[in-house]
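The structure under discussion appears below in the form of structure tokens.
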Amino acid sequence: MGTHYHITVVGPESGDFDINVEALQEAVEEQLVEINQMMSTYIDDSELMQFNRAPVNEWVELSEPVMEVLTISEDISQRSRGAFDITVGPLVNLWGFGPEMQPEQVPDDEALAAALARTGHTFLQLDVNRARRTNNISVDLSAVAKGYGVDQLVDFLVNRGFHNFMVEIGGEVRVIGDSPRSTPWRIAIEQPSVLAGGARLALNIDNHAVATSGDYRNYFEVDGVRYSHTIDPTTGRPIRHNLASVTVVAETAARADAWATALNVLGPEKGMALANAEQLAVYMIVKEGDGFTDTQSVTFSQLLQ
Ligand code: ADP
Ligand code: MG
């Protein structure tokens with residue numbers, strides 16, 4: 001997934017079992033390798049890349065995890081009216097953020113139109129254990145796979161008998177039970193220094209996931225314009241609005257991850273309106289003039305109490 005991961009587990013209170021950290025790490029990495037082999041666009045023979053090369057209109061049988069991620073993605077595409085769209089692969093490559101590394105430049109209109117013509121989640125059809133492309137689309141799971149990986153590791157650790165732990169992949173976090181201090185886990189949200197006197201917002205959460213999407217990490221600049229790696233599927237262009245970051249708290253990391261990207265595409269007004277309509281817990285940091293302001297959905301403010 002091109003990123004780092006971090007896991008904290010709280011050991012057993014009695015001598016139920018000993019933690020062999022090295023063996024545990026090895027088992028965790030086996031899981032991650034497996035997920036990459038299913039969902040990465042950077043592995044040429046991953047299950048996903050093979051699907052992306054399958055003949056148009058031909059049904060392809062897929063593994064359960066891939067079907068699950070495709071199903072979650074389709075649900076959030078529909079709920080976000082297409083703002084979240086995993087068929088943006090050709091556009092992501094065109095703008096130089098995909099596996100086909102390209103120079104940092106603004107593509108010409110013709111290339112943009114060609115990539116847009118092969119974009120659209122309605123060209124992806126799902127059926128219980130199989131899927132098909134009804135156009136030459138290319139699926140990119142980057143906006144949801146990190147979160148899904150977190151959920152998989154959570155299940156893995158629960159099955160191993162752990163009750164208190166935290167899993168994080170590339171900034172997407174999920175916690176179970178209590179922290180090592182026997183208190184709820186506290187998750188800090190990075191804030192620009194001008195907000196709240198530089199203090200970070202910290203959330204006490206139990207058994208939830210937190211994901212953040214923002215324009216401050218992965219972007220390039222040409223002539224003073226910042227081009228984000230988040231693409232608006234309706235225009236085919238990187239998003240251009242004043243949302244600095246959006247944080248979503250949800251039951252699973254896959255949904256939190258996907259929603260964060262979806263709301264980032266929609267921007268501060270439409271995104272917050274949808275967050276409230278969907279009763280999502282959402283926190284946004286919005287650029288305003290030289291500074292920043294922050295806004296919260298109703299459900300998020302209830303979490304803070
Ligand atoms: P962020 O933390 O900024 O949300 P993610 O890694 O979760 O970053 O998602 C960004 C990645 O998702 C991009 O690099 C691209 O591969 C893909 N992507 C870009 N735009 C969209 C979109 N509108 N819907 C789904 N995936 C997208
Ligand atoms: Mg995301």
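A note on labels: chains of the structure tokens are A, B, ... as shown, every chain counts residues from 1, and ligands are counted from 1 in their shown order.
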
Q: May I have the residues within 10 Å of Thr299 (chain A) as a list of chain:residue names, using only C-alpha atoms and disregarding those fewer than 4 positions away in the same chain?
A: A:Val249, A:Ala275, A:Asn276, A:Glu278, A:Gln279, A:Leu280, A:Ala281, A:Val282, A:Tyr283, A:Leu303, A:Leu304

Writer output for current selection, all heavy atoms, as a PDB file, in the first residue's frame:
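Result file follows (part.pdb):
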```
ATOM      1  N   VAL A 249     -15.209   9.446  11.748  1.00  0.00           N
ATOM      2  CA  VAL A 249     -15.213   8.374  12.740  1.00  0.00           C
ATOM      3  C   VAL A 249     -16.344   7.421  12.359  1.00  0.00           C
ATOM      4  O   VAL A 249     -17.478   7.869  12.150  1.00  0.00           O
ATOM      5  CB  VAL A 249     -15.454   8.927  14.163  1.00  0.00           C
ATOM      6  CG1 VAL A 249     -15.384   7.800  15.193  1.00  0.00           C
ATOM      7  CG2 VAL A 249     -14.432  10.016  14.499  1.00  0.00           C
ATOM      8  N   ALA A 275     -22.807  14.613   5.317  1.00  0.00           N
ATOM      9  CA  ALA A 275     -22.395  13.988   6.586  1.00  0.00           C
ATOM     10  C   ALA A 275     -23.557  14.014   7.582  1.00  0.00           C
ATOM     11  O   ALA A 275     -23.842  13.020   8.253  1.00  0.00           O
ATOM     12  CB  ALA A 275     -21.179  14.701   7.160  1.00  0.00           C
ATOM     13  N   ASN A 276     -24.255  15.144   7.649  1.00  0.00           N
ATOM     14  CA  ASN A 276     -25.392  15.236   8.580  1.00  0.00           C
ATOM     15  C   ASN A 276     -26.563  14.389   8.113  1.00  0.00           C
ATOM     16  O   ASN A 276     -27.211  13.733   8.925  1.00  0.00           O
ATOM     17  CB  ASN A 276     -25.792  16.699   8.791  1.00  0.00           C
ATOM     18  CG  ASN A 276     -24.858  17.381   9.794  1.00  0.00           C
ATOM     19  OD1 ASN A 276     -24.512  16.797  10.832  1.00  0.00           O
ATOM     20  ND2 ASN A 276     -24.435  18.596   9.483  1.00  0.00           N
ATOM     21  N   GLU A 278     -26.401  11.672   6.475  1.00  0.00           N
ATOM     22  CA  GLU A 278     -26.038  10.257   6.680  1.00  0.00           C
ATOM     23  C   GLU A 278     -25.720   9.953   8.139  1.00  0.00           C
ATOM     24  O   GLU A 278     -25.323   8.842   8.481  1.00  0.00           O
ATOM     25  CB  GLU A 278     -24.814   9.900   5.826  1.00  0.00           C
ATOM     26  CG  GLU A 278     -25.089   9.835   4.337  1.00  0.00           C
ATOM     27  CD  GLU A 278     -25.667   8.486   3.916  1.00  0.00           C
ATOM     28  OE1 GLU A 278     -25.525   7.497   4.660  1.00  0.00           O
ATOM     29  OE2 GLU A 278     -26.275   8.422   2.832  1.00  0.00           O
ATOM     30  N   GLN A 279     -25.834  10.976   9.002  1.00  0.00           N
ATOM     31  CA  GLN A 279     -25.512  10.856  10.427  1.00  0.00           C
ATOM     32  C   GLN A 279     -24.105  10.314  10.652  1.00  0.00           C
ATOM     33  O   GLN A 279     -23.857   9.455  11.502  1.00  0.00           O
ATOM     34  CB  GLN A 279     -26.539   9.973  11.131  1.00  0.00           C
ATOM     35  CG  GLN A 279     -27.902  10.628  11.144  1.00  0.00           C
ATOM     36  CD  GLN A 279     -28.933   9.812  11.871  1.00  0.00           C
ATOM     37  OE1 GLN A 279     -29.087   8.612  11.601  1.00  0.00           O
ATOM     38  NE2 GLN A 279     -29.634  10.434  12.799  1.00  0.00           N
ATOM     39  N   LEU A 280     -23.171  10.857   9.857  1.00  0.00           N
ATOM     40  CA  LEU A 280     -21.769  10.470  10.010  1.00  0.00           C
ATOM     41  C   LEU A 280     -21.101  11.402  11.009  1.00  0.00           C
ATOM     42  O   LEU A 280     -21.467  12.577  11.118  1.00  0.00           O
ATOM     43  CB  LEU A 280     -21.037  10.613   8.670  1.00  0.00           C
ATOM     44  CG  LEU A 280     -21.507   9.759   7.495  1.00  0.00           C
ATOM     45  CD1 LEU A 280     -20.805  10.209   6.224  1.00  0.00           C
ATOM     46  CD2 LEU A 280     -21.227   8.287   7.781  1.00  0.00           C
ATOM     47  N   ALA A 281     -20.097  10.880  11.725  1.00  0.00           N
ATOM     48  CA  ALA A 281     -19.315  11.710  12.643  1.00  0.00           C
ATOM     49  C   ALA A 281     -18.141  12.295  11.854  1.00  0.00           C
ATOM     50  O   ALA A 281     -17.209  11.581  11.496  1.00  0.00           O
ATOM     51  CB  ALA A 281     -18.820  10.880  13.814  1.00  0.00           C
ATOM     52  N   VAL A 282     -18.223  13.600  11.558  1.00  0.00           N
ATOM     53  CA  VAL A 282     -17.246  14.221  10.659  1.00  0.00           C
ATOM     54  C   VAL A 282     -16.721  15.535  11.225  1.00  0.00           C
ATOM     55  O   VAL A 282     -17.474  16.351  11.766  1.00  0.00           O
ATOM     56  CB  VAL A 282     -17.895  14.489   9.272  1.00  0.00           C
ATOM     57  CG1 VAL A 282     -16.961  15.274   8.374  1.00  0.00           C
ATOM     58  CG2 VAL A 282     -18.292  13.169   8.620  1.00  0.00           C
ATOM     59  N   TYR A 283     -15.413  15.717  11.090  1.00  0.00           N
ATOM     60  CA  TYR A 283     -14.752  16.944  11.535  1.00  0.00           C
ATOM     61  C   TYR A 283     -13.972  17.499  10.353  1.00  0.00           C
ATOM     62  O   TYR A 283     -13.197  16.780   9.727  1.00  0.00           O
ATOM     63  CB  TYR A 283     -13.802  16.599  12.687  1.00  0.00           C
ATOM     64  CG  TYR A 283     -12.936  17.736  13.152  1.00  0.00           C
ATOM     65  CD1 TYR A 283     -13.484  18.794  13.876  1.00  0.00           C
ATOM     66  CD2 TYR A 283     -11.571  17.758  12.879  1.00  0.00           C
ATOM     67  CE1 TYR A 283     -12.683  19.840  14.314  1.00  0.00           C
ATOM     68  CE2 TYR A 283     -10.769  18.796  13.323  1.00  0.00           C
ATOM     69  CZ  TYR A 283     -11.335  19.836  14.032  1.00  0.00           C
ATOM     70  OH  TYR A 283     -10.545  20.865  14.463  1.00  0.00           O
ATOM     71  N   LEU A 303     -19.986  12.927  19.951  1.00  0.00           N
ATOM     72  CA  LEU A 303     -18.837  12.080  20.347  1.00  0.00           C
ATOM     73  C   LEU A 303     -17.917  12.801  21.322  1.00  0.00           C
ATOM     74  O   LEU A 303     -17.278  12.184  22.165  1.00  0.00           O
ATOM     75  CB  LEU A 303     -17.992  11.739  19.113  1.00  0.00           C
ATOM     76  CG  LEU A 303     -18.303  10.529  18.269  1.00  0.00           C
ATOM     77  CD1 LEU A 303     -17.225  10.390  17.195  1.00  0.00           C
ATOM     78  CD2 LEU A 303     -18.339   9.270  19.123  1.00  0.00           C
ATOM     79  N   LEU A 304     -17.825  14.120  21.142  1.00  0.00           N
ATOM     80  CA  LEU A 304     -16.889  14.897  21.973  1.00  0.00           C
ATOM     81  C   LEU A 304     -17.389  15.085  23.398  1.00  0.00           C
ATOM     82  O   LEU A 304     -16.649  15.444  24.280  1.00  0.00           O
ATOM     83  CB  LEU A 304     -16.640  16.269  21.336  1.00  0.00           C
ATOM     84  CG  LEU A 304     -15.759  16.306  20.101  1.00  0.00           C
ATOM     85  CD1 LEU A 304     -15.570  17.726  19.616  1.00  0.00           C
ATOM     86  CD2 LEU A 304     -14.387  15.672  20.384  1.00  0.00           C
TER      87      LEU A 304
END
```

Can you work out which residues are within 8 Å of ligand 2, considering only C-alpha atoms and all ligand atoms, and then hand them over as a PDB file with all heavy atoms, in the first residue's frame?
```
ATOM      1  N   SER A 142      -7.158   2.451  -3.835  1.00  0.00           N
ATOM      2  CA  SER A 142      -6.269   3.164  -2.898  1.00  0.00           C
ATOM      3  C   SER A 142      -7.012   3.934  -1.805  1.00  0.00           C
ATOM      4  O   SER A 142      -6.476   4.111  -0.718  1.00  0.00           O
ATOM      5  CB  SER A 142      -5.386   4.152  -3.659  1.00  0.00           C
ATOM      6  OG  SER A 142      -4.688   3.489  -4.671  1.00  0.00           O
ATOM      7  N   ALA A 143      -8.212   4.408  -2.096  1.00  0.00           N
ATOM      8  CA  ALA A 143      -8.919   5.243  -1.121  1.00  0.00           C
ATOM      9  C   ALA A 143      -9.660   4.427  -0.068  1.00  0.00           C
ATOM     10  O   ALA A 143     -10.236   4.992   0.855  1.00  0.00           O
ATOM     11  CB  ALA A 143      -9.894   6.177  -1.834  1.00  0.00           C
ATOM     12  N   VAL A 144      -9.649   3.098  -0.195  1.00  0.00           N
ATOM     13  CA  VAL A 144     -10.409   2.275   0.756  1.00  0.00           C
ATOM     14  C   VAL A 144      -9.608   1.069   1.264  1.00  0.00           C
ATOM     15  O   VAL A 144      -9.889   0.526   2.329  1.00  0.00           O
ATOM     16  CB  VAL A 144     -11.763   1.846   0.110  1.00  0.00           C
ATOM     17  CG1 VAL A 144     -11.542   1.080  -1.174  1.00  0.00           C
ATOM     18  CG2 VAL A 144     -12.639   1.049   1.045  1.00  0.00           C
ATOM     19  N   LYS A 146      -6.521   0.731   2.489  1.00  0.00           N
ATOM     20  CA  LYS A 146      -5.803   0.888   3.762  1.00  0.00           C
ATOM     21  C   LYS A 146      -6.777   0.637   4.907  1.00  0.00           C
ATOM     22  O   LYS A 146      -6.476  -0.101   5.848  1.00  0.00           O
ATOM     23  CB  LYS A 146      -5.185   2.284   3.883  1.00  0.00           C
ATOM     24  CG  LYS A 146      -4.015   2.522   2.938  1.00  0.00           C
ATOM     25  CD  LYS A 146      -3.246   3.779   3.315  1.00  0.00           C
ATOM     26  CE  LYS A 146      -4.033   5.052   3.139  1.00  0.00           C
ATOM     27  NZ  LYS A 146      -4.265   5.454   1.752  1.00  0.00           N
ATOM     28  N   GLY A 147      -7.941   1.255   4.825  1.00  0.00           N
ATOM     29  CA  GLY A 147      -8.955   1.049   5.849  1.00  0.00           C
ATOM     30  C   GLY A 147      -9.371  -0.410   5.929  1.00  0.00           C
ATOM     31  O   GLY A 147      -9.494  -0.972   7.015  1.00  0.00           O
ATOM     32  N   ALA A 211     -10.500   8.013  10.182  1.00  0.00           N
ATOM     33  CA  ALA A 211      -9.723   8.200   8.955  1.00  0.00           C
ATOM     34  C   ALA A 211      -9.728   9.671   8.564  1.00  0.00           C
ATOM     35  O   ALA A 211     -10.716  10.373   8.790  1.00  0.00           O
ATOM     36  CB  ALA A 211     -10.307   7.369   7.815  1.00  0.00           C
ATOM     37  N   THR A 212      -8.625  10.132   8.034  1.00  0.00           N
ATOM     38  CA  THR A 212      -8.516  11.530   7.616  1.00  0.00           C
ATOM     39  C   THR A 212      -8.082  11.607   6.166  1.00  0.00           C
ATOM     40  O   THR A 212      -7.232  10.850   5.721  1.00  0.00           O
ATOM     41  CB  THR A 212      -7.502  12.284   8.509  1.00  0.00           C
ATOM     42  OG1 THR A 212      -7.984  12.265   9.847  1.00  0.00           O
ATOM     43  CG2 THR A 212      -7.345  13.729   8.067  1.00  0.00           C
ATOM     44  N   SER A 213      -8.699  12.512   5.439  1.00  0.00           N
ATOM     45  CA  SER A 213      -8.338  12.759   4.053  1.00  0.00           C
ATOM     46  C   SER A 213      -7.990  14.236   3.944  1.00  0.00           C
ATOM     47  O   SER A 213      -8.708  15.080   4.462  1.00  0.00           O
ATOM     48  CB  SER A 213      -9.543  12.426   3.172  1.00  0.00           C
ATOM     49  OG  SER A 213      -9.214  12.513   1.827  1.00  0.00           O
ATOM     50  N   ALA A 256     -14.772   4.422   7.073  1.00  0.00           N
ATOM     51  CA  ALA A 256     -14.228   5.728   7.469  1.00  0.00           C
ATOM     52  C   ALA A 256     -13.292   6.249   6.377  1.00  0.00           C
ATOM     53  O   ALA A 256     -13.358   7.416   5.969  1.00  0.00           O
ATOM     54  CB  ALA A 256     -13.483   5.609   8.804  1.00  0.00           C
ATOM     55  N   ASP A 257     -12.435   5.361   5.875  1.00  0.00           N
ATOM     56  CA  ASP A 257     -11.462   5.722   4.839  1.00  0.00           C
ATOM     57  C   ASP A 257     -12.178   6.196   3.576  1.00  0.00           C
ATOM     58  O   ASP A 257     -11.889   7.279   3.038  1.00  0.00           O
ATOM     59  CB  ASP A 257     -10.611   4.464   4.539  1.00  0.00           C
ATOM     60  CG  ASP A 257      -9.385   4.747   3.711  1.00  0.00           C
ATOM     61  OD1 ASP A 257      -9.126   5.924   3.417  1.00  0.00           O
ATOM     62  OD2 ASP A 257      -8.672   3.778   3.356  1.00  0.00           O
ATOM     63  N   ALA A 258     -13.134   5.404   3.105  1.00  0.00           N
ATOM     64  CA  ALA A 258     -13.840   5.749   1.875  1.00  0.00           C
ATOM     65  C   ALA A 258     -14.658   7.033   2.040  1.00  0.00           C
ATOM     66  O   ALA A 258     -14.652   7.906   1.172  1.00  0.00           O
ATOM     67  CB  ALA A 258     -14.748   4.590   1.458  1.00  0.00           C
ATOM     68  N   TRP A 259     -15.322   7.152   3.177  1.00  0.00           N
ATOM     69  CA  TRP A 259     -16.117   8.373   3.406  1.00  0.00           C
ATOM     70  C   TRP A 259     -15.228   9.617   3.447  1.00  0.00           C
ATOM     71  O   TRP A 259     -15.604  10.684   2.966  1.00  0.00           O
ATOM     72  CB  TRP A 259     -16.932   8.267   4.698  1.00  0.00           C
ATOM     73  CG  TRP A 259     -18.327   7.750   4.509  1.00  0.00           C
ATOM     74  CD1 TRP A 259     -18.856   6.635   5.087  1.00  0.00           C
ATOM     75  CD2 TRP A 259     -19.373   8.310   3.692  1.00  0.00           C
ATOM     76  NE1 TRP A 259     -20.165   6.479   4.680  1.00  0.00           N
ATOM     77  CE2 TRP A 259     -20.506   7.490   3.832  1.00  0.00           C
ATOM     78  CE3 TRP A 259     -19.451   9.427   2.863  1.00  0.00           C
ATOM     79  CZ2 TRP A 259     -21.718   7.746   3.163  1.00  0.00           C
ATOM     80  CZ3 TRP A 259     -20.653   9.682   2.192  1.00  0.00           C
ATOM     81  CH2 TRP A 259     -21.764   8.861   2.342  1.00  0.00           C
ATOM     82  N   ALA A 260     -14.053   9.494   4.057  1.00  0.00           N
ATOM     83  CA  ALA A 260     -13.166  10.667   4.145  1.00  0.00           C
ATOM     84  C   ALA A 260     -12.819  11.157   2.743  1.00  0.00           C
ATOM     85  O   ALA A 260     -12.857  12.363   2.461  1.00  0.00           O
ATOM     86  CB  ALA A 260     -11.897  10.323   4.933  1.00  0.00           C
ATOM     87  N   THR A 261     -12.520  10.230   1.841  1.00  0.00           N
ATOM     88  CA  THR A 261     -12.217  10.627   0.463  1.00  0.00           C
ATOM     89  C   THR A 261     -13.465  11.198  -0.221  1.00  0.00           C
ATOM     90  O   THR A 261     -13.390  12.227  -0.902  1.00  0.00           O
ATOM     91  CB  THR A 261     -11.648   9.413  -0.319  1.00  0.00           C
ATOM     92  OG1 THR A 261     -10.426   9.015   0.295  1.00  0.00           O
ATOM     93  CG2 THR A 261     -11.381   9.765  -1.772  1.00  0.00           C
ATOM     94  N   ALA A 262     -14.613  10.549  -0.036  1.00  0.00           N
ATOM     95  CA  ALA A 262     -15.856  11.025  -0.660  1.00  0.00           C
ATOM     96  C   ALA A 262     -16.179  12.454  -0.227  1.00  0.00           C
ATOM     97  O   ALA A 262     -16.487  13.318  -1.058  1.00  0.00           O
ATOM     98  CB  ALA A 262     -17.011  10.095  -0.295  1.00  0.00           C
TER      99      ALA A 262
END
```

Q: Might you pull out every residue within 12 Å of region 127-136 of chain A, with only C-alpha atoms counted and same-chain residues fewer than 3 positions away left off, and present them as a ChimeraX atom specification?
A: /A:48,50-71,74,87-90,114-124,139

Restricting the output to N, CA and C atoms, write the selected residues as a compact mmCIF listing (two decimals), in the first residue's frame.
```
# COMPACT_ATOMS: atom_id res chain seq x y z
N LEU A 48 -6.70 -7.68 -8.42
CA LEU A 48 -7.35 -6.48 -8.96
C LEU A 48 -6.83 -6.14 -10.36
N GLN A 50 -5.48 -8.13 -12.50
CA GLN A 50 -5.95 -9.13 -13.47
C GLN A 50 -7.39 -8.83 -13.86
N PHE A 51 -8.18 -8.42 -12.88
CA PHE A 51 -9.57 -8.04 -13.18
C PHE A 51 -9.60 -6.86 -14.14
N ASN A 52 -8.71 -5.88 -13.90
CA ASN A 52 -8.67 -4.69 -14.75
C ASN A 52 -8.28 -5.01 -16.20
N ARG A 53 -7.69 -6.17 -16.41
CA ARG A 53 -7.29 -6.56 -17.76
C ARG A 53 -8.25 -7.57 -18.40
N ALA A 54 -9.23 -8.03 -17.62
CA ALA A 54 -10.16 -9.04 -18.14
C ALA A 54 -10.98 -8.44 -19.29
N PRO A 55 -11.42 -9.28 -20.22
CA PRO A 55 -12.20 -8.76 -21.34
C PRO A 55 -13.44 -8.02 -20.85
N VAL A 56 -13.77 -6.93 -21.53
CA VAL A 56 -14.96 -6.16 -21.20
C VAL A 56 -16.18 -7.06 -21.32
N ASN A 57 -17.09 -6.91 -20.36
CA ASN A 57 -18.36 -7.67 -20.29
C ASN A 57 -18.23 -9.10 -19.77
N GLU A 58 -17.00 -9.58 -19.56
CA GLU A 58 -16.85 -10.95 -19.08
C GLU A 58 -16.88 -10.97 -17.55
N TRP A 59 -17.72 -11.86 -16.98
CA TRP A 59 -17.79 -11.99 -15.52
C TRP A 59 -16.52 -12.66 -15.01
N VAL A 60 -15.98 -12.13 -13.92
CA VAL A 60 -14.76 -12.68 -13.33
C VAL A 60 -15.06 -13.06 -11.88
N GLU A 61 -14.74 -14.28 -11.50
CA GLU A 61 -14.95 -14.69 -10.12
C GLU A 61 -13.88 -14.03 -9.24
N LEU A 62 -14.30 -13.46 -8.13
CA LEU A 62 -13.34 -12.74 -7.28
C LEU A 62 -13.37 -13.29 -5.85
N SER A 63 -12.28 -13.05 -5.12
CA SER A 63 -12.19 -13.51 -3.74
C SER A 63 -13.18 -12.73 -2.88
N GLU A 64 -13.48 -13.29 -1.71
CA GLU A 64 -14.43 -12.64 -0.81
C GLU A 64 -13.97 -11.25 -0.38
N PRO A 65 -12.69 -11.10 0.02
CA PRO A 65 -12.26 -9.76 0.43
C PRO A 65 -12.39 -8.72 -0.68
N VAL A 66 -12.03 -9.09 -1.91
CA VAL A 66 -12.15 -8.12 -3.01
C VAL A 66 -13.62 -7.78 -3.25
N MET A 67 -14.49 -8.80 -3.23
CA MET A 67 -15.93 -8.53 -3.39
C MET A 67 -16.43 -7.59 -2.30
N GLU A 68 -15.94 -7.81 -1.07
CA GLU A 68 -16.39 -6.99 0.05
C GLU A 68 -15.99 -5.53 -0.15
N VAL A 69 -14.76 -5.31 -0.58
CA VAL A 69 -14.29 -3.93 -0.79
C VAL A 69 -15.05 -3.29 -1.95
N LEU A 70 -15.30 -4.05 -3.00
CA LEU A 70 -16.05 -3.50 -4.14
C LEU A 70 -17.47 -3.14 -3.72
N THR A 71 -18.06 -3.97 -2.86
CA THR A 71 -19.44 -3.73 -2.41
C THR A 71 -19.52 -2.48 -1.52
N GLU A 74 -19.12 0.54 -3.77
CA GLU A 74 -20.31 0.85 -4.56
C GLU A 74 -21.36 1.53 -3.68
N THR A 87 -13.39 3.81 -9.96
CA THR A 87 -12.98 3.65 -11.36
C THR A 87 -12.17 4.84 -11.86
N VAL A 88 -11.67 5.67 -10.92
CA VAL A 88 -10.87 6.83 -11.32
C VAL A 88 -9.45 6.45 -11.72
N GLY A 89 -9.12 5.15 -11.74
CA GLY A 89 -7.76 4.69 -12.05
C GLY A 89 -7.07 5.42 -13.21
N PRO A 90 -7.70 5.48 -14.40
CA PRO A 90 -7.04 6.16 -15.53
C PRO A 90 -6.76 7.64 -15.25
N ALA A 114 -10.35 11.43 -22.79
CA ALA A 114 -10.21 9.98 -23.02
C ALA A 114 -10.27 9.22 -21.70
N ALA A 115 -9.61 9.74 -20.67
CA ALA A 115 -9.61 9.07 -19.36
C ALA A 115 -11.01 9.16 -18.73
N LEU A 116 -11.67 10.31 -18.90
CA LEU A 116 -13.02 10.49 -18.33
C LEU A 116 -14.01 9.53 -18.97
N ALA A 117 -13.82 9.26 -20.26
CA ALA A 117 -14.74 8.37 -20.98
C ALA A 117 -14.69 6.95 -20.43
N ARG A 118 -13.55 6.58 -19.81
CA ARG A 118 -13.48 5.24 -19.22
C ARG A 118 -13.57 5.28 -17.69
N THR A 119 -14.30 6.27 -17.19
CA THR A 119 -14.50 6.39 -15.74
C THR A 119 -16.00 6.35 -15.43
N GLY A 120 -16.37 5.70 -14.36
CA GLY A 120 -17.76 5.70 -13.93
C GLY A 120 -18.09 4.39 -13.23
N HIS A 121 -18.52 4.50 -11.98
CA HIS A 121 -18.76 3.27 -11.19
C HIS A 121 -19.92 2.45 -11.75
N THR A 122 -20.77 3.07 -12.59
CA THR A 122 -21.87 2.28 -13.16
C THR A 122 -21.36 1.32 -14.25
N PHE A 123 -20.09 1.47 -14.67
CA PHE A 123 -19.49 0.52 -15.61
C PHE A 123 -18.95 -0.73 -14.89
N LEU A 124 -19.11 -0.74 -13.57
CA LEU A 124 -18.65 -1.89 -12.78
C LEU A 124 -19.89 -2.59 -12.23
N VAL A 139 -10.01 -0.22 -12.06
CA VAL A 139 -10.38 -0.01 -10.66
C VAL A 139 -9.15 0.28 -9.81
```

(Q) From the options A:Ile231, A:Ala145, A:Leu266, A:Val9, which residue's atoms come nearest to Leu94 (chain A), counting only C-alpha atoms? (A)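 The answer is A:Ile231, which sits nearest to Leu94 (chain A).
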
Q: Extract the full set of helix (DSSP H, G or I) residues from region 156-277 of chain A according to DSSP on the backbone, and format it as a ChimeraX atom specification.
A: /A:156-159,195-198,253-266,268-277

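Omitting Asp206 (chain A) and its sequence neighbours fewer than 4 positions away, and counting only C-alpha atoms, the residues within 7 Å are Val175, Ile176, Gly177, Pro184 and Trp185 of chain A.
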
Could those selected residues go to a file with N, CA, C and O atoms, as a short mmCIF file (atom, residue, chain, number, x, y, z; two decimals), in the first residue's frame?
```
data_model
loop_
_atom_site.label_atom_id
_atom_site.label_comp_id
_atom_site.auth_asym_id
_atom_site.auth_seq_id
_atom_site.Cartn_x
_atom_site.Cartn_y
_atom_site.Cartn_z
N VAL A 175 -9.49 1.23 16.88
CA VAL A 175 -9.13 0.77 18.22
C VAL A 175 -10.16 -0.21 18.75
O VAL A 175 -11.33 -0.16 18.39
N ILE A 176 -9.70 -1.11 19.60
CA ILE A 176 -10.57 -2.08 20.26
C ILE A 176 -10.23 -2.04 21.75
O ILE A 176 -9.05 -2.04 22.12
N GLY A 177 -11.28 -2.01 22.57
CA GLY A 177 -11.08 -2.06 24.02
C GLY A 177 -10.37 -0.83 24.56
O GLY A 177 -10.64 0.29 24.13
N PRO A 184 -9.84 4.76 27.87
CA PRO A 184 -10.16 4.71 26.43
C PRO A 184 -8.98 5.20 25.59
O PRO A 184 -8.19 6.02 26.06
N TRP A 185 -8.87 4.68 24.39
CA TRP A 185 -7.84 5.16 23.48
C TRP A 185 -8.12 6.61 23.14
O TRP A 185 -9.28 7.00 22.98
#
```

Q | Among listed residues A:Ala83, A:Met38, A:Ala202, A:Val225, nearest ligand 1 (using only C-alpha atoms and all ligand atoms) | A |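 Looking only at the distances to ligand 1, the closest residue turns out to be A:Ala83.
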
Q. Between A:Val158, A:Ala273, A:Ala244, A:Ile35, which one has atoms that come closest to ligand 1, using only C-alpha atoms and all ligand atoms?
A.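 Ranked by minimum distance to ligand 1, first place goes to A:Ala244.
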
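With only C-alpha atoms taken into account, the protein and nucleic acid residues at most 10 Å from Asn93 (chain A) (excluding it and anything under 4 positions from it in its own chain) are Val88, Gly89, Phe97, Gly98, Pro99, Glu100, Met101, Gln102, Ala115, Asp140 and His229 of chain A.
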
Those same residues, written as a short mmCIF file (atom, residue, chain, number, x, y, z; two decimals), in the first residue's frame with N, CA, C and O atoms?
```cif
data_model
loop_
_atom_site.label_atom_id
_atom_site.label_comp_id
_atom_site.auth_asym_id
_atom_site.auth_seq_id
_atom_site.Cartn_x
_atom_site.Cartn_y
_atom_site.Cartn_z
N VAL A 88 -11.67 5.67 -10.92
CA VAL A 88 -10.87 6.83 -11.32
C VAL A 88 -9.45 6.45 -11.72
O VAL A 88 -8.64 7.34 -12.05
N GLY A 89 -9.12 5.15 -11.74
CA GLY A 89 -7.76 4.69 -12.05
C GLY A 89 -7.07 5.42 -13.21
O GLY A 89 -5.95 5.94 -13.04
N PHE A 97 -0.48 10.23 -10.20
CA PHE A 97 -0.54 9.74 -8.82
C PHE A 97 -0.67 8.22 -8.74
O PHE A 97 -0.84 7.67 -7.67
N GLY A 98 -0.61 7.56 -9.89
CA GLY A 98 -0.82 6.11 -9.88
C GLY A 98 0.47 5.36 -10.09
O GLY A 98 1.56 5.93 -10.04
N PRO A 99 0.34 4.05 -10.35
CA PRO A 99 1.53 3.22 -10.58
C PRO A 99 2.28 3.58 -11.86
O PRO A 99 3.47 3.34 -11.95
N GLU A 100 1.56 4.16 -12.84
CA GLU A 100 2.26 4.57 -14.07
C GLU A 100 2.85 5.95 -13.82
O GLU A 100 2.25 6.97 -14.13
N MET A 101 4.03 5.97 -13.25
CA MET A 101 4.65 7.24 -12.86
C MET A 101 4.78 8.17 -14.06
O MET A 101 5.24 7.78 -15.11
N GLN A 102 4.36 9.40 -13.89
CA GLN A 102 4.45 10.38 -14.97
C GLN A 102 4.98 11.69 -14.41
O GLN A 102 4.89 11.93 -13.23
N ALA A 115 -9.61 9.74 -20.67
CA ALA A 115 -9.61 9.07 -19.36
C ALA A 115 -11.01 9.16 -18.73
O ALA A 115 -11.49 8.21 -18.11
N ASP A 140 -9.27 1.28 -8.94
CA ASP A 140 -8.18 1.71 -8.05
C ASP A 140 -8.76 1.74 -6.63
O ASP A 140 -9.63 2.54 -6.34
N HIS A 229 -4.10 14.59 -4.98
CA HIS A 229 -4.28 13.23 -5.51
C HIS A 229 -5.73 12.75 -5.42
O HIS A 229 -6.03 11.63 -5.79
#
```
